[in-house]
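Trainee: The structure under discussion is supplied below as structure tokens; questions concerning it will follow.
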Amino acid sequence: MPEHSDLDLQQVKHAAALARLNLTDEELVAIHSDLASILTHIDQLAKVEVDGIEPMSSPHGHCSRLHDDEIETPIPRQIVLDMAPATEGPAILVPKVLEDGAGS
Amino acid sequence: MSVEDKTVRSIAHAVQTGRTTATAVLEAHLERIEARDSELGCFQDVRAETARAMARELDERIAKGARPGPLAGVPIAIKDNIMVAGEPATCGSKILEHFISPYESTATQRLREADAILLGRTRCDEFAMGSSTEHCAFGPVRNPWDTDRVPGGSSGGSAAAVAADLVPCALGSDTGGSIRQPAAFCGITGVKPTGGRVSRWGLVSFAPSMDQIGPFTRDAADAALVLNVLSGEDPRDDTSAASPPPDCIKDDEAPLSGLRIGIPAEHISDDNNPDVNAAVSQAAEVYASLGCDVKSVNLSTTELGIACYYVLGPAEASSNLARFDGIRYGRRADLPDASLEALYEASRTEGLGAEAKRRIMLGTWVLSAGYYDAYYRRALQVRRLIHDEYVRIFNEVDLLLGPTVPAPAFKFGSHADPLSMYLCDTYTVTANIAGICGMSMPAGTTTVDGSTLPIGVQLQGPVLGENKMLRAAHHFQKATSYHELRP
């Protein structure tokens, strides 16, 4: 298990990029210090003998059954559009994703 | 009518038998909220007009001879992360400040069908992440016992509203202690049901393997009544349990003699406030006097709880909160010419608060390439150890008794270091990790800096063991009067 001291500021920046958060240098330093302290506490998991223990992603023993194959009424389109911050006609507006000509 | 000392049962009975009307009950509670809530800040949004319409409609039905439901006319407040169709659900976050729920949660739908009155929305820590309600973007909630202190969290608004008699019942959600800890801090009863007991449909996800909706009430008998209404399988939540509601009410009066209660030695730490440990000992004596077999047991995985939880919870949260990207709903940054990536980043960065960002960062880190096995997979293995230890111990005893929180309510700002705040949940997180049920009930008071503050004790029961747990709490409350104490 990696030690918390492995976590350097560059890796905090990498995590922020993965999390789609644009943090200021000040915020990065503060979060670096918080994460280091929390990870130090979490490091005690490294001392636990877990060889051969099956990971348990959920305690819900009764979950993941199949749904009945029935058609249900979806949320009405207008309600979905009303929730969106920017719309045009029946569509939700987003910035251009493809470069000009890329889709042709 | 006066709202003090009114239980869910007494209100429902009075409305059902025509001794009062839902409208009269509602107006009395709205007056109380008007008088007290500017100081406390429990409510994000009092839905007076929709509540009045619900009460009027119920009164008209009763006048025509209809038989009202089990929660007839009972005003219930809803934590602001549980969706009611057409109403805001901010989750205490700026990113959802103007969000309107497009559909109804199963929990509130069941309350409606039982003829409860949905009265308004209570403040919570942002996305239910916190133990003090200081992380609510719209202002803190104050503890009615001492307004310089926090009500606990994350369901602080719901807990404080019940403690101050603004409502006889409120819904909260509990992912690591967010119902039990504020119930302890505010001197009321709060139940975290078994994972899957209450449908999570319409509860804004934080960590779905651990999130669970439950009630805050004045006493266990009220909690049992409300839980009966909330419980049951829901095809819209794959994790909902296919077992019938616990029907805790039916067995309320059955005696406790022979019930085996274990006190985890690891929960009676010297680091706890001494009055907290004393309250557990006194509660143990009460149970012994009721004919229970009380003994000390070991729960050796207790010390791993917070470490395990702060891998699993943030990992699930970082995945769940990825949906808040400024595109389909919620706040979008005002950057007309930005790229899609820049728009995601700006919307999330502006809209999310410090604690939500901290947990997203932690979760992203423990799930990232090269660290997944070391942190996340290992935490899932430790989860199984914690789960298996509970299974073993519930072969030995029926219920566990211990402190809910190591200390009473703290002052605003006194846990500025995140880890010290997280450690408040040492005794509660393992129930969520293992998916068992737990609850907090008042069991004493302590005096800190001249303030009298309530102390809660926690009962924990096995998966789907609510019936036994609530019956034990009910008998404790018949034998004691801590639950009748008021701020």
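Each chain of the structure tokens is named A, B, ... in the order shown, its residues numbered from 1; ligands are numbered from 1 in display order.
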What lies within 8 Å of range 97-112 of chain B using only C-alpha atoms, ignoring chain neighbours under 6 positions off, as an MDAnalysis selection string?

Mentor: (chainID A and resid 75 79:80 83) or (chainID B and resid 71 82:90 118 198:203 213 229:230 234 329:331)

Trainee: Name the residues in contact with Leu21 in chain A at a cut-off of 9 Å, using only C-alpha atoms, excluding same-chain residues fewer than 6 positions from it; report them as number ranges by chain.

Mentor: A: 15; B: 344-349, 357, 361

Trainee: Compile the residues of chain B that lie within 6 Å of chain A, evaluated using only C-alpha atoms, and express the compilation as a PDB file with C-alpha atoms, in the first residue's frame.

Mentor:
```pdb
ATOM      1  CA  SER B 209     -24.187   1.172  -0.893  1.00  0.00           C
ATOM      2  CA  ASP B 238     -32.776  -2.507  -6.937  1.00  0.00           C
ATOM      3  CA  THR B 239     -31.304  -2.487  -3.454  1.00  0.00           C
ATOM      4  CA  ALA B 241     -35.394  -5.402   0.402  1.00  0.00           C
ATOM      5  CA  ALA B 307     -10.589   4.455   7.523  1.00  0.00           C
ATOM      6  CA  ARG B 328     -28.649  18.682 -18.014  1.00  0.00           C
ATOM      7  CA  TYR B 329     -29.651  20.343 -14.743  1.00  0.00           C
ATOM      8  CA  SER B 339     -15.223  24.431 -24.453  1.00  0.00           C
ATOM      9  CA  LEU B 340     -17.258  21.556 -23.057  1.00  0.00           C
ATOM     10  CA  GLU B 345     -14.911  22.447 -14.722  1.00  0.00           C
ATOM     11  CA  THR B 349     -15.902  24.529  -9.329  1.00  0.00           C
ATOM     12  CA  TRP B 365      -7.636   9.653  -5.796  1.00  0.00           C
ATOM     13  CA  ALA B 374      -4.338  -0.387  -2.576  1.00  0.00           C
ATOM     14  CA  LEU B 380     -13.975  -3.536   0.197  1.00  0.00           C
ATOM     15  CA  GLN B 381     -12.119  -6.459   1.767  1.00  0.00           C
ATOM     16  CA  ARG B 384     -16.342  -7.821   4.500  1.00  0.00           C
ATOM     17  CA  ALA B 434     -22.202  -3.582   6.989  1.00  0.00           C
ATOM     18  CA  GLY B 435     -25.777  -2.620   6.015  1.00  0.00           C
TER      19      GLY B 435
END
```

Trainee: If we count only C-alpha atoms and set the cut-off at 7 Å, which residues sit around Met439 in chain B, ignoring sequence neighbours fewer than 3 positions away in its own chain? Please answer as number ranges by chain.

Mentor: B: 180, 190-192, 458-460

Trainee: Give me a file of those residues, with C-alpha atoms, as a PDB file, in the first residue's frame.

Mentor:
```
ATOM      1  CA  ARG B 180     -28.197   8.997  14.492  1.00  0.00           C
ATOM      2  CA  GLY B 190     -33.498   8.818  15.033  1.00  0.00           C
ATOM      3  CA  VAL B 191     -33.511   5.553  13.111  1.00  0.00           C
ATOM      4  CA  LYS B 192     -31.198   4.382  10.350  1.00  0.00           C
ATOM      5  CA  GLN B 458     -27.062   3.814  20.023  1.00  0.00           C
ATOM      6  CA  LEU B 459     -28.803   0.498  19.528  1.00  0.00           C
ATOM      7  CA  GLN B 460     -27.694  -1.616  16.593  1.00  0.00           C
TER       8      GLN B 460
END
```

Trainee: Taking the chain letters and numbering used in this document, name the residues of range 143-257 of chain B that DSSP puts in strand (DSSP E or B), as an MDAnalysis selection string.

Mentor: chainID B and resid 143 146 149 169:173 189:192 198 203 213:217 231

Trainee: As number ranges by chain, please: the residues near range 165-172 of chain B (cut-off 6 Å, only C-alpha atoms, same-chain neighbours under 6 positions excluded).

Mentor: B: 4, 7-8, 29, 32-33, 76-79, 155, 158, 179, 213-217

Trainee: So how many Å separate CA of Arg260 in chain B and CA of Asp398 in chain B, to one decimal?

Mentor: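 It comes out at 5.1 Å.
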
Trainee: Can you list, as a PyMOL selection string, all residues belonging to range 97-254 of chain B that DSSP tags as alpha helix (DSSP H)?

Mentor: chain B and resi 106-113+156-163+180-186+220-230

Trainee: Excluding same-chain residues fewer than 5 positions from Pro442 in chain B, what lies within 6 Å of it counting only C-alpha atoms, as a ChimeraX atom specification?

Mentor: /B:187-188,455-456,482-483

Trainee: Would you save the residues of that selection, restricted to N, CA and C atoms, as an mmCIF file, in the first residue's frame?

Mentor:
```cif
data_model
loop_
_atom_site.group_PDB
_atom_site.id
_atom_site.type_symbol
_atom_site.label_atom_id
_atom_site.label_comp_id
_atom_site.auth_asym_id
_atom_site.auth_seq_id
_atom_site.Cartn_x
_atom_site.Cartn_y
_atom_site.Cartn_z
ATOM 1 N N GLY B 187 -31.193 15.409 21.191
ATOM 2 C CA GLY B 187 -32.023 14.799 22.236
ATOM 3 C C GLY B 187 -33.314 14.187 21.732
ATOM 4 N N ILE B 188 -33.273 13.590 20.543
ATOM 5 C CA ILE B 188 -34.479 12.948 20.015
ATOM 6 C C ILE B 188 -34.147 11.533 19.533
ATOM 7 N N ILE B 455 -27.535 13.565 25.691
ATOM 8 C CA ILE B 455 -26.645 12.463 25.300
ATOM 9 C C ILE B 455 -27.515 11.373 24.684
ATOM 10 N N GLY B 456 -27.026 10.802 23.594
ATOM 11 C CA GLY B 456 -27.760 9.712 22.969
ATOM 12 C C GLY B 456 -27.015 8.400 23.119
ATOM 13 N N TYR B 482 -36.000 10.256 29.596
ATOM 14 C CA TYR B 482 -35.029 11.117 28.877
ATOM 15 C C TYR B 482 -35.619 11.673 27.583
ATOM 16 N N HIS B 483 -36.458 10.872 26.919
ATOM 17 C CA HIS B 483 -37.013 11.314 25.636
ATOM 18 C C HIS B 483 -38.049 12.419 25.816
#
```

Trainee: Report as a compact mmCIF listing (two decimals) with C-alpha atoms, in the first residue's frame all protein, DNA and RNA residues lying within 6 Å of Gly120 in chain B, evaluated on only C-alpha atoms, omitting residues in the same chain fewer than 2 positions from it.

Mentor:
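Written file, selection13.txt:
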```txt
# COMPACT_ATOMS: atom_id res chain seq x y z
CA ASP B 45 -38.13 26.16 2.44
CA VAL B 46 -41.46 26.05 4.32
CA ARG B 47 -44.04 24.83 1.81
CA ALA B 77 -40.47 17.90 7.27
```

Trainee: Here is a test: counting only C-alpha atoms, which residue of B:Ala14, B:Val448, B:Val405, B:Ala53 is nearest to Ala279 in chain B?

Mentor: B:Val405

Trainee: Applying 8 Å and only C-alpha atoms, which residues near Leu399 in chain B remain after dropping the ones on its own chain fewer than 5 positions away? List them as a ChimeraX atom specification.

Mentor: /B:260-262,394,459-462,468-469

Trainee: Give me a file of those residues, with C-alpha atoms, as a compact mmCIF listing (two decimals), in the first residue's frame.

Mentor:
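Saved as out_34.txt:
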```txt
# COMPACT_ATOMS: atom_id res chain seq x y z
CA ARG B 260 -29.45 -10.53 24.76
CA ILE B 261 -27.73 -7.13 24.59
CA GLY B 262 -24.02 -6.72 23.95
CA PHE B 394 -25.50 -11.15 16.17
CA LEU B 459 -28.80 0.50 19.53
CA GLN B 460 -27.69 -1.62 16.59
CA GLY B 461 -29.49 -4.65 15.24
CA PRO B 462 -28.89 -7.20 12.50
CA LYS B 468 -36.47 -6.08 17.90
CA MET B 469 -34.45 -2.83 17.97
```

Trainee: What does the distance between CA of Cys91 in chain B and CA of Cys136 in chain B come to in Å, to one decimal place?

Mentor: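 Interatomic distance here is 8.2 Å.
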
Trainee: Just checking: using only C-alpha atoms, which residue out of B:Ala479, B:Val294, B:Leu485, B:Ile268 ends up closest to Thr426 in chain B?

Mentor: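 Among B:Ala479, B:Val294, B:Leu485, B:Ile268, it is B:Ile268 that comes nearest to Thr426 in chain B.
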